[in-house]
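Asker: If it helps, the file is called my_file02.cif and holds mmCIF, C-alpha atoms and all ligand atoms:
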data_data
#
loop_
_atom_site.label_atom_id
_atom_site.label_comp_id
_atom_site.auth_asym_id
_atom_site.auth_seq_id
_atom_site.Cartn_x
_atom_site.Cartn_y
_atom_site.Cartn_z
CA MET A 1 113.01 69.48 108.20
CA ARG A 2 112.87 68.71 104.46
CA ASN A 3 109.28 69.85 104.14
CA GLU A 4 109.83 72.99 106.16
CA ILE A 5 112.69 74.00 103.89
CA LEU A 6 110.96 73.21 100.61
CA THR A 7 107.57 74.68 101.42
CA GLY A 8 109.00 77.81 103.05
CA VAL A 9 111.50 78.84 100.37
CA LYS A 10 110.77 82.09 98.56
CA ARG A 11 113.62 82.80 96.12
CA LEU A 12 114.99 79.86 94.15
CA VAL A 13 117.40 79.26 91.30
CA VAL A 14 116.27 76.51 88.92
CA LYS A 15 118.96 74.98 86.72
CA ILE A 16 117.68 73.36 83.55
CA GLY A 17 120.14 71.05 81.78
CA SER A 18 120.57 70.76 78.00
CA SER A 19 119.16 67.26 77.65
CA LEU A 20 115.87 68.27 79.31
CA ILE A 21 115.05 70.89 76.72
CA ALA A 22 117.08 70.02 73.63
CA SER A 23 117.92 66.98 71.59
CA ARG A 24 120.94 66.63 69.37
CA THR A 25 118.84 65.33 66.52
CA THR A 26 115.68 67.43 66.64
CA GLY A 27 116.75 70.61 68.45
CA LEU A 28 114.74 72.40 71.12
CA ARG A 29 112.00 70.39 72.83
CA LEU A 30 109.38 73.13 72.70
CA ASN A 31 106.65 71.12 74.48
CA GLN A 32 108.97 70.44 77.34
CA ILE A 33 109.97 74.13 77.59
CA GLU A 34 106.29 75.06 77.67
CA ARG A 35 105.55 72.49 80.34
CA LEU A 36 108.44 73.69 82.52
CA ALA A 37 107.42 77.33 81.97
CA ASP A 38 103.86 76.46 83.07
CA GLU A 39 105.12 74.90 86.27
CA LEU A 40 107.54 77.74 87.02
CA ALA A 41 104.93 80.38 86.21
CA ALA A 42 102.49 78.75 88.63
CA LEU A 43 105.17 78.85 91.34
CA ARG A 44 105.81 82.51 90.51
CA THR A 45 102.11 83.32 90.76
CA ALA A 46 102.01 81.54 94.11
CA GLY A 47 104.60 84.04 95.40
CA ARG A 48 107.90 82.24 94.77
CA GLU A 49 110.68 84.17 93.06
CA ILE A 50 112.26 82.19 90.25
CA LEU A 51 115.59 82.57 88.48
CA VAL A 52 116.34 80.12 85.68
CA VAL A 53 119.81 79.00 84.63
CA SER A 54 119.35 77.26 81.31
CA SER A 55 121.75 75.38 79.08
CA GLY A 56 120.90 74.31 75.56
CA ALA A 57 122.36 77.14 73.47
CA ILE A 58 125.04 75.08 71.78
CA ILE A 59 122.81 72.09 71.01
CA SER A 60 120.09 74.36 69.75
CA GLY A 61 122.58 76.16 67.48
CA ILE A 62 123.93 72.90 66.11
CA THR A 63 120.52 71.62 65.08
CA LYS A 64 119.40 74.97 63.73
CA LEU A 65 122.48 75.18 61.50
CA GLN A 66 122.24 71.45 60.75
CA LEU A 67 125.87 70.88 61.68
CA LYS A 68 126.83 67.22 61.22
CA GLU A 69 128.50 66.78 64.58
CA TYR A 70 129.09 68.41 67.96
CA PRO A 71 131.77 71.05 67.25
CA LYS A 72 135.23 70.51 68.68
CA SER A 73 136.86 73.84 67.96
CA LEU A 74 136.08 76.80 70.19
CA PRO A 75 135.10 79.32 67.48
CA VAL A 76 132.58 76.87 65.99
CA LYS A 77 131.13 76.09 69.41
CA GLN A 78 130.86 79.81 70.13
CA ALA A 79 129.24 80.54 66.80
CA ALA A 80 126.75 77.72 67.42
CA ALA A 81 126.03 79.14 70.88
CA ALA A 82 125.37 82.57 69.40
CA VAL A 83 122.81 81.14 66.98
CA GLY A 84 121.32 78.81 69.59
CA GLN A 85 121.07 81.33 72.44
CA SER A 86 118.66 83.59 70.60
CA ARG A 87 116.56 80.59 69.62
CA LEU A 88 116.58 79.40 73.24
CA MET A 89 115.46 82.81 74.50
CA TRP A 90 112.79 82.99 71.85
CA ALA A 91 111.40 79.68 73.13
CA TYR A 92 111.40 80.81 76.77
CA GLU A 93 109.93 84.18 75.83
CA LYS A 94 107.02 82.52 73.98
CA ALA A 95 106.48 79.93 76.70
CA PHE A 96 106.31 82.39 79.60
CA GLU A 97 104.31 84.93 77.58
CA ARG A 98 101.44 82.41 77.48
CA LYS A 99 101.30 82.80 81.27
CA GLY A 100 101.59 86.58 81.23
CA LEU A 101 105.20 86.65 82.44
CA HIS A 102 108.19 88.51 81.02
CA VAL A 103 111.65 87.00 80.76
CA ALA A 104 115.08 88.65 80.64
CA GLN A 105 118.28 87.27 79.18
CA ILE A 106 121.41 87.43 81.35
CA LEU A 107 124.70 86.12 79.99
CA LEU A 108 127.60 85.84 82.42
CA THR A 109 131.22 84.71 82.45
CA HIS A 110 133.50 83.94 85.37
CA GLN A 111 135.13 87.32 84.80
CA ASP A 112 131.88 89.13 85.54
CA LEU A 113 131.66 87.31 88.86
CA ALA A 114 135.34 87.60 89.84
CA ASP A 115 135.30 91.40 89.65
CA ARG A 116 133.56 92.51 92.84
CA ARG A 117 132.12 95.66 91.24
CA ARG A 118 130.67 93.76 88.29
CA PHE A 119 129.42 91.09 90.66
CA LEU A 120 127.52 93.65 92.74
CA ASN A 121 126.26 95.34 89.61
CA ALA A 122 124.88 92.05 88.26
CA ARG A 123 123.29 91.45 91.67
CA HIS A 124 121.43 94.77 91.54
CA THR A 125 120.18 94.04 88.03
CA LEU A 126 118.91 90.59 89.01
CA VAL A 127 117.18 91.86 92.12
CA THR A 128 115.48 94.63 90.13
CA LEU A 129 114.20 92.11 87.58
CA ILE A 130 112.86 89.86 90.33
CA GLU A 131 111.13 92.75 92.04
CA TRP A 132 109.45 93.55 88.71
CA GLY A 133 108.21 89.97 88.52
CA VAL A 134 110.37 89.21 85.48
CA VAL A 135 111.92 85.74 85.19
CA PRO A 136 115.68 86.04 84.51
CA ILE A 137 116.96 83.33 82.16
CA ILE A 138 120.70 83.01 82.71
CA ASN A 139 123.39 81.20 80.72
CA GLU A 140 127.12 81.38 80.32
CA ASN A 141 128.16 83.96 77.72
CA ASP A 142 129.58 81.16 75.57
CA THR A 143 130.30 83.46 72.64
CA VAL A 144 133.06 85.37 74.45
CA ALA A 145 134.10 82.86 77.10
CA VAL A 146 137.57 81.44 76.54
CA ASP A 147 138.99 79.06 79.13
CA GLU A 148 140.50 81.60 81.54
CA ILE A 149 137.23 83.45 81.99
CA ARG A 150 134.75 80.57 81.66
CA VAL A 151 132.66 79.18 84.47
CA GLY A 152 132.66 75.98 82.39
CA ASP A 153 129.43 74.22 83.35
CA ASN A 154 125.98 75.42 84.27
CA ASP A 155 125.75 73.52 87.59
CA THR A 156 128.60 75.71 88.79
CA LEU A 157 127.10 78.80 87.16
CA ALA A 158 123.80 78.09 88.93
CA SER A 159 125.62 77.88 92.27
CA ASP A 160 127.23 81.25 91.54
CA VAL A 161 123.81 82.68 90.72
CA VAL A 162 122.45 81.49 94.10
CA HIS A 163 125.06 83.64 95.77
CA LEU A 164 124.64 86.47 93.28
CA ALA A 165 120.87 86.68 93.79
CA ASP A 166 120.90 85.72 97.47
CA ALA A 167 118.55 82.83 96.75
CA GLU A 168 117.35 80.39 99.42
CA LEU A 169 117.34 77.18 97.38
CA LEU A 170 119.15 75.73 94.39
CA VAL A 171 117.08 73.32 92.29
CA ILE A 172 118.91 71.23 89.73
CA LEU A 173 116.52 69.67 87.24
CA SER A 174 118.28 66.62 85.90
CA ASP A 175 117.46 63.55 83.84
CA VAL A 176 118.04 61.32 86.88
CA ASP A 177 115.91 61.11 90.03
CA GLY A 178 118.60 62.30 92.46
CA LEU A 179 121.44 60.75 94.45
CA PHE A 180 121.21 56.98 94.97
CA THR A 181 122.84 54.71 97.56
CA GLU A 182 124.61 53.03 94.63
CA ASP A 183 124.69 53.31 90.85
CA PRO A 184 121.08 52.38 89.97
CA ARG A 185 122.09 51.22 86.50
CA LYS A 186 124.42 48.64 88.00
CA ASN A 187 122.41 47.71 91.07
CA PRO A 188 118.61 47.73 90.76
CA SER A 189 118.19 47.60 94.55
CA ALA A 190 119.87 51.02 94.90
CA THR A 191 117.56 53.50 96.62
CA LEU A 192 117.10 57.24 96.26
CA ILE A 193 118.45 59.27 99.22
CA PRO A 194 115.76 61.85 100.14
CA VAL A 195 117.94 63.94 102.49
CA ILE A 196 121.72 64.32 102.58
CA PRO A 197 122.48 66.05 105.91
CA GLU A 198 126.09 66.84 105.06
CA ILE A 199 128.22 66.60 101.94
CA THR A 200 131.18 64.45 102.92
CA GLU A 201 133.93 62.81 100.89
CA ASP A 202 131.69 59.72 100.76
CA THR A 203 128.89 61.75 99.19
CA GLU A 204 131.28 63.01 96.55
CA ARG A 205 132.53 59.49 95.85
CA LEU A 206 128.95 58.27 95.51
CA ALA A 207 128.24 61.06 93.05
CA GLY A 208 131.30 60.12 91.02
CA ALA A 209 130.13 56.50 90.84
CA SER A 210 126.59 57.33 89.77
CA SER A 211 127.50 59.87 87.11
CA THR A 212 124.96 60.31 84.35
CA PHE A 213 125.15 60.80 80.64
CA GLU A 214 123.56 64.23 80.81
CA GLY A 215 125.23 67.55 80.06
CA THR A 216 128.69 68.80 80.82
CA GLY A 217 129.13 67.72 84.41
CA GLY A 218 127.14 64.64 85.46
CA MET A 219 126.42 64.13 89.16
CA THR A 220 129.90 65.20 90.30
CA THR A 221 129.52 68.86 89.34
CA LYS A 222 125.99 68.84 90.81
CA VAL A 223 127.22 67.68 94.20
CA ARG A 224 130.11 70.14 94.04
CA ALA A 225 127.61 72.92 93.32
CA ALA A 226 125.51 71.74 96.28
CA LYS A 227 128.57 71.82 98.52
CA LYS A 228 129.41 75.33 97.45
CA VAL A 229 125.96 76.74 98.19
CA ALA A 230 125.74 74.74 101.44
CA GLU A 231 128.60 76.92 102.74
CA TYR A 232 126.42 79.90 101.97
CA GLY A 233 123.61 78.42 104.06
CA VAL A 234 121.59 77.31 101.02
CA PRO A 235 120.26 73.76 100.43
CA THR A 236 120.13 72.06 97.02
CA LEU A 237 117.40 69.90 95.54
CA ILE A 238 118.33 67.56 92.71
CA ILE A 239 115.25 66.12 90.98
CA ASN A 240 114.17 64.61 87.72
CA GLY A 241 112.99 67.39 85.42
CA GLU A 242 111.47 64.93 82.93
CA ARG A 243 108.60 64.12 85.28
CA PRO A 244 105.66 66.47 84.78
CA GLY A 245 104.41 68.05 87.99
CA LEU A 246 107.22 66.73 90.16
CA LEU A 247 108.83 70.08 91.01
CA PRO A 248 105.60 71.72 92.28
CA THR A 249 104.73 68.54 94.20
CA VAL A 250 108.12 68.38 95.89
CA LEU A 251 108.06 72.09 96.73
CA ALA A 252 104.64 71.52 98.31
CA GLY A 253 106.20 68.91 100.59
CA GLY A 254 105.73 65.77 98.51
CA PRO A 255 108.30 63.02 97.95
CA GLY A 256 110.92 63.01 95.19
CA GLY A 257 114.51 63.99 94.52
CA SER A 258 117.43 64.42 96.91
CA LEU A 259 117.77 67.40 99.22
CA PHE A 260 121.28 68.40 100.31
CA LEU A 261 121.08 70.35 103.55
CA ALA A 262 123.07 73.51 104.18
CA ARG A 263 125.45 74.54 106.92
CA GLU A 264 123.82 76.31 109.82
CA ARG A 265 126.48 78.97 110.05
CA ARG A 266 126.44 80.74 106.77
CA MET A 267 129.56 82.35 105.39
CA LYS A 268 129.22 86.09 104.73
CA SER A 269 128.77 87.09 101.08
CA ARG A 270 132.18 88.65 100.57
CA LYS A 271 134.03 85.77 102.22
CA HIS A 272 132.03 83.23 100.21
CA TRP A 273 132.98 85.16 97.10
CA ILE A 274 136.66 84.98 98.09
CA ALA A 275 136.42 81.27 98.89
CA PHE A 276 134.23 80.00 96.07
CA THR A 277 134.02 82.48 93.20
CA LEU A 278 137.60 83.66 92.88
CA ARG A 279 140.25 81.35 91.47
CA PRO A 280 143.38 81.07 93.64
CA ARG A 281 146.70 82.01 92.02
CA GLY A 282 148.95 80.12 94.40
CA TYR A 283 149.27 79.02 98.00
CA VAL A 284 151.20 79.49 101.23
CA ARG A 285 152.00 76.67 103.64
CA LEU A 286 151.67 77.64 107.30
CA ASP A 287 153.19 76.40 110.56
CA HIS A 288 151.07 74.98 113.41
CA GLY A 289 151.06 78.26 115.32
CA ALA A 290 149.62 80.22 112.40
CA VAL A 291 146.96 77.55 111.74
CA GLU A 292 145.93 77.68 115.39
CA ALA A 293 145.85 81.51 115.41
CA ILE A 294 143.68 81.63 112.28
CA LEU A 295 141.28 78.79 113.07
CA LYS A 296 140.89 79.25 116.83
CA GLY A 297 141.91 82.84 117.45
CA GLY A 298 140.23 84.42 114.40
CA LYS A 299 143.54 86.19 113.69
CA SER A 300 145.04 87.59 110.49
CA LEU A 301 147.85 85.75 108.74
CA LEU A 302 151.29 87.15 109.49
CA ALA A 303 154.53 86.52 107.62
CA SER A 304 156.04 84.81 110.66
CA GLY A 305 153.69 81.81 110.27
CA ILE A 306 154.46 81.16 106.59
CA VAL A 307 156.96 78.44 105.73
CA GLU A 308 156.55 78.20 101.98
CA VAL A 309 155.03 80.16 99.10
CA VAL A 310 154.11 78.57 95.76
CA GLY A 311 152.90 80.30 92.59
CA THR A 312 153.31 83.76 91.13
CA PHE A 313 150.81 86.34 92.28
CA GLU A 314 150.41 90.05 92.96
CA ALA A 315 149.13 92.00 95.95
CA GLY A 316 145.32 91.72 96.01
CA ASP A 317 145.22 88.27 94.39
CA PRO A 318 143.36 85.32 95.92
CA ILE A 319 145.47 82.45 97.29
CA ARG A 320 145.00 79.25 99.33
CA CYS A 321 146.37 78.65 102.83
CA LEU A 322 147.50 75.11 103.64
CA ASP A 323 148.31 73.57 107.02
CA PRO A 324 151.61 71.71 107.57
CA ASP A 325 150.00 68.49 106.18
CA GLY A 326 148.94 70.21 102.96
CA LYS A 327 145.24 70.42 103.84
CA GLU A 328 143.50 73.59 102.67
CA ILE A 329 142.23 75.56 105.67
CA ALA A 330 141.45 78.99 104.22
CA LYS A 331 141.50 81.25 101.19
CA GLY A 332 142.27 84.92 101.24
CA LEU A 333 143.40 88.07 99.44
CA VAL A 334 147.09 88.84 99.95
CA ASN A 335 148.59 92.22 100.76
CA PHE A 336 151.95 91.33 99.18
CA SER A 337 153.14 89.71 95.97
CA SER A 338 154.57 86.18 96.00
CA THR A 339 158.06 87.62 95.50
CA VAL A 340 157.76 89.79 98.60
CA ILE A 341 156.18 87.01 100.67
CA ASP A 342 159.06 84.76 99.72
CA ARG A 343 161.48 87.33 101.16
CA ILE A 344 159.59 87.99 104.40
CA LYS A 345 158.23 84.51 105.20
CA GLY A 346 159.10 83.39 108.73
CA LEU A 347 160.04 86.94 109.81
CA ARG A 348 158.52 89.01 112.57
CA THR A 349 157.20 92.51 111.86
CA ARG A 350 160.36 94.28 113.10
CA ASP A 351 162.60 92.15 110.91
CA ILE A 352 160.31 92.67 107.91
CA HIS A 353 160.88 96.41 108.16
CA GLU A 354 164.61 95.79 108.17
CA GLN A 355 164.31 93.50 105.18
CA ILE A 356 161.99 95.46 102.87
CA GLY A 357 161.44 98.82 104.56
CA PRO A 358 158.28 100.15 106.24
CA GLN A 359 155.04 98.67 104.85
CA GLU A 360 151.47 99.84 104.60
CA TYR A 361 150.24 96.49 105.94
CA GLU A 362 151.34 94.34 108.85
CA GLU A 363 149.42 91.25 107.80
CA VAL A 364 150.00 89.08 104.75
CA ILE A 365 146.24 88.39 104.73
CA HIS A 366 143.98 90.51 106.90
CA ARG A 367 141.29 88.48 108.69
CA ASP A 368 138.58 90.51 106.91
CA ASN A 369 139.94 89.07 103.66
CA LEU A 370 140.40 85.55 105.00
CA ALA A 371 137.68 82.91 104.44
CA ILE A 372 138.02 79.90 106.73
CA LEU A 373 137.01 76.60 105.11
N1 LIG B 401 126.29 77.03 78.27
C1 LIG B 401 126.15 75.81 77.53
C2 LIG B 401 124.95 75.90 76.59
O1 LIG B 401 124.03 76.62 76.83
C3 LIG B 401 125.93 74.59 78.42
C4 LIG B 401 126.86 74.37 79.58
C5 LIG B 401 126.35 73.24 80.47
O2 LIG B 401 125.41 72.54 80.13
O3 LIG B 401 126.88 73.03 81.58
O4 LIG B 401 124.89 75.26 75.59
#
What would the structure in this file look like if it were written as structure tokens?
Answerer:
Amino acid sequence: MRNEILTGVKRLVVKIGSSLIASRTTGLRLNQIERLADELAALRTAGREILVVSSGAIISGITKLQLKEYPKSLPVKQAAAAVGQSRLMWAYEKAFERKGLHVAQILLTHQDLADRRRFLNARHTLVTLIEWGVVPIINENDTVAVDEIRVGDNDTLASDVVHLADAELLVILSDVDGLFTEDPRKNPSATLIPVIPEITEDTERLAGASSTFEGTGGMTTKVRAAKKVAEYGVPTLIINGERPGLLPTVLAGGPGGSLFLARERRMKSRKHWIAFTLRPRGYVRLDHGAVEAILKGGKSLLASGIVEVVGTFEAGDPIRCLDPDGKEIAKGLVNFSSTVIDRIKGLRTRDIHEQIGPQEYEEVIHRDNLAIL
């Protein structure tokens, strides 16, 4: 199973963390970037399609400007990222050029992904670059990204890129070997888990316990990224990027790293986008009948099944749907604002017309806009 997946994959997103390619004292690790570029270029030549998501802009900017410490304020961080990003691209450009490959810089924010038109536009650009044989090097657009529009960490960004580019595998190059049965620093007898068939709450707990010192997210955001792409039918490989030759070996079927398997039934692109790219603005709590109708009957959500609405949102916004116990069962785009839903909740269609007049929509969330989790 593991070998079939890894040897057969054509299009992959490779996430490269800051600590692999940059050091806070000496700046970019150019030898390491060259070594990784060599390995990725060889994979490209062998017919694999590679997209890189690379961190390292901020650290590179800090060392280039010789700042004394890691900046705390946003404008300083953003200024450092602006200086560092061009340096980072310069390094990738040089490294891939040695192998006769072109690179392209793509800088994204959450906002670019949350707008469906911009999302599709970015997808077309990426696919064109890949068809040309260019290696896209993607990072968050740190210079303009304030909190509301930030993705926040590059593990998450890489999982968004998997969906964006319709990739078949997410590879996270880390400074640890993968997911262990226990924290290997605390228990030397902990063993590496080669295949994780399903990402359960236990898996997430394990990831929390074995968090690393690397980058923004540690193991928790990596496993969360793996879970997100698993819903899109895409597996994730977490391996140690410090070990020369490991990635090509593993992709050729050799041992190393942890592979998180995907769901067999893959969520459609638009529904995955609703469920995992958009940020919900509020939630509705449903009664048992509505939960049953949605989960088993594949029905739309009607006002009659809503018992409570929380948050302030407008028609068209993404929200969460909770069952009577508060468990999230779906996410969807609403046809009415929270104010209107509050007035019509629990009512049947006829009574809704009496309450607020004739409406364009019957459903609060149409099933085409409802992603079941
Ligand atoms: N975008 C940031 C950078 O390039 C890194 C974010 C992350 O490592 O998750 O410096």
Asker: Write out as a VMD selection string which residues come within 6 Å of range 235-243 of chain A when counting all atoms listed in the file, dropping same-chain ones fewer than 5 positions away.
Answerer: chain A and resid 169 to 178 226 230 257 to 262
Asker: So how far away is CA of Ile58 in chain A from CA of Tyr70 in chain A, in Å?
Answerer: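 Result for CA of Tyr70 in chain A versus CA of Ile58 in chain A: 8.7 Å, one decimal.
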Asker: Work out how far CA of Leu28 in chain A is from CA of Val229 in chain A, in Å to one decimal.
Answerer: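 Going from CA of Val229 in chain A over to CA of Leu28 in chain A covers 29.6 Å.
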Asker: What do you get as a PDB file with C-alpha atoms, in the coordinates of the input if you pick all residues at most 8 Å from ligand LIG 401 (chain B), counting only C-alpha atoms and all ligand atoms?
Answerer:
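Okay, this is what ended up in out19.pdb:
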ATOM      1  CA  GLY A  17     120.140  71.050  81.780  1.00  0.00           C
ATOM      2  CA  SER A  18     120.570  70.760  78.000  1.00  0.00           C
ATOM      3  CA  SER A  54     119.350  77.260  81.310  1.00  0.00           C
ATOM      4  CA  SER A  55     121.750  75.380  79.080  1.00  0.00           C
ATOM      5  CA  GLY A  56     120.900  74.310  75.560  1.00  0.00           C
ATOM      6  CA  ALA A  57     122.360  77.140  73.470  1.00  0.00           C
ATOM      7  CA  ILE A  58     125.040  75.080  71.780  1.00  0.00           C
ATOM      8  CA  ILE A  59     122.810  72.090  71.010  1.00  0.00           C
ATOM      9  CA  SER A  60     120.090  74.360  69.750  1.00  0.00           C
ATOM     10  CA  ALA A  81     126.030  79.140  70.880  1.00  0.00           C
ATOM     11  CA  GLY A  84     121.320  78.810  69.590  1.00  0.00           C
ATOM     12  CA  GLN A  85     121.070  81.330  72.440  1.00  0.00           C
ATOM     13  CA  ASN A 139     123.390  81.200  80.720  1.00  0.00           C
ATOM     14  CA  GLU A 140     127.120  81.380  80.320  1.00  0.00           C
ATOM     15  CA  ASN A 141     128.160  83.960  77.720  1.00  0.00           C
ATOM     16  CA  ASP A 142     129.580  81.160  75.570  1.00  0.00           C
ATOM     17  CA  GLY A 152     132.660  75.980  82.390  1.00  0.00           C
ATOM     18  CA  ASP A 153     129.430  74.220  83.350  1.00  0.00           C
ATOM     19  CA  ASN A 154     125.980  75.420  84.270  1.00  0.00           C
ATOM     20  CA  ASP A 155     125.750  73.520  87.590  1.00  0.00           C
ATOM     21  CA  THR A 156     128.600  75.710  88.790  1.00  0.00           C
ATOM     22  CA  GLY A 215     125.230  67.550  80.060  1.00  0.00           C
ATOM     23  CA  THR A 216     128.690  68.800  80.820  1.00  0.00           C
ATOM     24  CA  GLY A 217     129.130  67.720  84.410  1.00  0.00           C
TER      25      GLY A 217
END
Asker: List the spatial neighbours of range 324-340 of chain A as a ChimeraX atom specification - criterion: any atom at most 8 Å away, only C-alpha atoms, same-chain residues fewer than 5 positions off excluded.
Answerer: /A:274-275,280,285-288,291,309-319,361,363-366,369-373
Asker: Which residue, A:Val103, A:Val223, A:Leu164, A:Ile62, has the smallest gap to Phe119 in chain A when you use all atoms listed in the file?
Answerer: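 Counting all atoms listed in the file, the residue closest to Phe119 in chain A is A:Leu164.
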Asker: What is the distance, in Å and to one decimal place, between CA of Ser269 in chain A and CA of Ala165 in chain A?
Answerer: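 That distance, rounded to one decimal, is 10.8 Å.
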Asker: Of the candidates A:Lys10, A:Lys228, A:Arg116, A:Lys77, which one gets nearest to Asp160 in chain A if we count all atoms listed in the file?
Answerer: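 Nearest candidate to Asp160 in chain A out of A:Lys10, A:Lys228, A:Arg116, A:Lys77: A:Lys228.
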Asker: Where atoms are absent from range 184-197 of chain A, fill them in so it carries N, CA, C and O atoms, then output it as a PDB file, in the coordinates of the input.
Answerer:
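So the final result, stored in selection-v8.pdb, reads:
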ATOM      1  N   PRO A 184     122.314  53.132  90.238  1.00  0.00           N
ATOM      2  CA  PRO A 184     121.080  52.380  89.970  1.00  0.00           C
ATOM      3  C   PRO A 184     121.120  51.589  88.656  1.00  0.00           C
ATOM      4  O   PRO A 184     120.350  50.636  88.483  1.00  0.00           O
ATOM      5  N   ARG A 185     122.013  51.973  87.759  1.00  0.00           N
ATOM      6  CA  ARG A 185     122.090  51.220  86.500  1.00  0.00           C
ATOM      7  C   ARG A 185     122.805  49.893  86.707  1.00  0.00           C
ATOM      8  O   ARG A 185     122.587  48.928  86.007  1.00  0.00           O
ATOM      9  N   LYS A 186     123.679  49.876  87.728  1.00  0.00           N
ATOM     10  CA  LYS A 186     124.420  48.640  88.000  1.00  0.00           C
ATOM     11  C   LYS A 186     123.721  47.783  89.039  1.00  0.00           C
ATOM     12  O   LYS A 186     123.781  46.564  89.001  1.00  0.00           O
ATOM     13  N   ASN A 187     123.081  48.458  90.006  1.00  0.00           N
ATOM     14  CA  ASN A 187     122.410  47.710  91.070  1.00  0.00           C
ATOM     15  C   ASN A 187     120.969  48.172  91.215  1.00  0.00           C
ATOM     16  O   ASN A 187     120.691  49.246  91.735  1.00  0.00           O
ATOM     17  N   PRO A 188     120.018  47.328  90.753  1.00  0.00           N
ATOM     18  CA  PRO A 188     118.610  47.730  90.760  1.00  0.00           C
ATOM     19  C   PRO A 188     118.044  47.930  92.164  1.00  0.00           C
ATOM     20  O   PRO A 188     116.999  48.568  92.322  1.00  0.00           O
ATOM     21  N   SER A 189     118.732  47.421  93.196  1.00  0.00           N
ATOM     22  CA  SER A 189     118.190  47.600  94.550  1.00  0.00           C
ATOM     23  C   SER A 189     118.682  48.923  95.176  1.00  0.00           C
ATOM     24  O   SER A 189     118.381  49.213  96.329  1.00  0.00           O
ATOM     25  N   ALA A 190     119.430  49.719  94.397  1.00  0.00           N
ATOM     26  CA  ALA A 190     119.870  51.020  94.900  1.00  0.00           C
ATOM     27  C   ALA A 190     118.653  51.889  95.198  1.00  0.00           C
ATOM     28  O   ALA A 190     117.665  51.844  94.472  1.00  0.00           O
ATOM     29  N   THR A 191     118.709  52.644  96.301  1.00  0.00           N
ATOM     30  CA  THR A 191     117.560  53.500  96.620  1.00  0.00           C
ATOM     31  C   THR A 191     117.939  54.970  96.594  1.00  0.00           C
ATOM     32  O   THR A 191     119.080  55.342  96.834  1.00  0.00           O
ATOM     33  N   LEU A 192     116.931  55.790  96.331  1.00  0.00           N
ATOM     34  CA  LEU A 192     117.100  57.240  96.260  1.00  0.00           C
ATOM     35  C   LEU A 192     117.274  57.784  97.682  1.00  0.00           C
ATOM     36  O   LEU A 192     116.544  57.386  98.592  1.00  0.00           O
ATOM     37  N   ILE A 193     118.237  58.685  97.887  1.00  0.00           N
ATOM     38  CA  ILE A 193     118.450  59.270  99.220  1.00  0.00           C
ATOM     39  C   ILE A 193     117.670  60.590  99.295  1.00  0.00           C
ATOM     40  O   ILE A 193     117.998  61.534  98.584  1.00  0.00           O
ATOM     41  N   PRO A 194     116.604  60.648 100.128  1.00  0.00           N
ATOM     42  CA  PRO A 194     115.760  61.850 100.140  1.00  0.00           C
ATOM     43  C   PRO A 194     116.427  63.069 100.775  1.00  0.00           C
ATOM     44  O   PRO A 194     116.192  64.197 100.356  1.00  0.00           O
ATOM     45  N   VAL A 195     117.269  62.821 101.814  1.00  0.00           N
ATOM     46  CA  VAL A 195     117.940  63.940 102.490  1.00  0.00           C
ATOM     47  C   VAL A 195     119.405  63.600 102.714  1.00  0.00           C
ATOM     48  O   VAL A 195     119.724  62.520 103.228  1.00  0.00           O
ATOM     49  N   ILE A 196     120.285  64.490 102.314  1.00  0.00           N
ATOM     50  CA  ILE A 196     121.720  64.320 102.580  1.00  0.00           C
ATOM     51  C   ILE A 196     122.090  65.416 103.581  1.00  0.00           C
ATOM     52  O   ILE A 196     122.175  66.591 103.218  1.00  0.00           O
ATOM     53  N   PRO A 197     122.280  65.035 104.871  1.00  0.00           N
ATOM     54  CA  PRO A 197     122.480  66.050 105.910  1.00  0.00           C
ATOM     55  C   PRO A 197     123.767  66.833 105.720  1.00  0.00           C
ATOM     56  O   PRO A 197     123.830  68.018 105.999  1.00  0.00           O
TER      57      PRO A 197
END
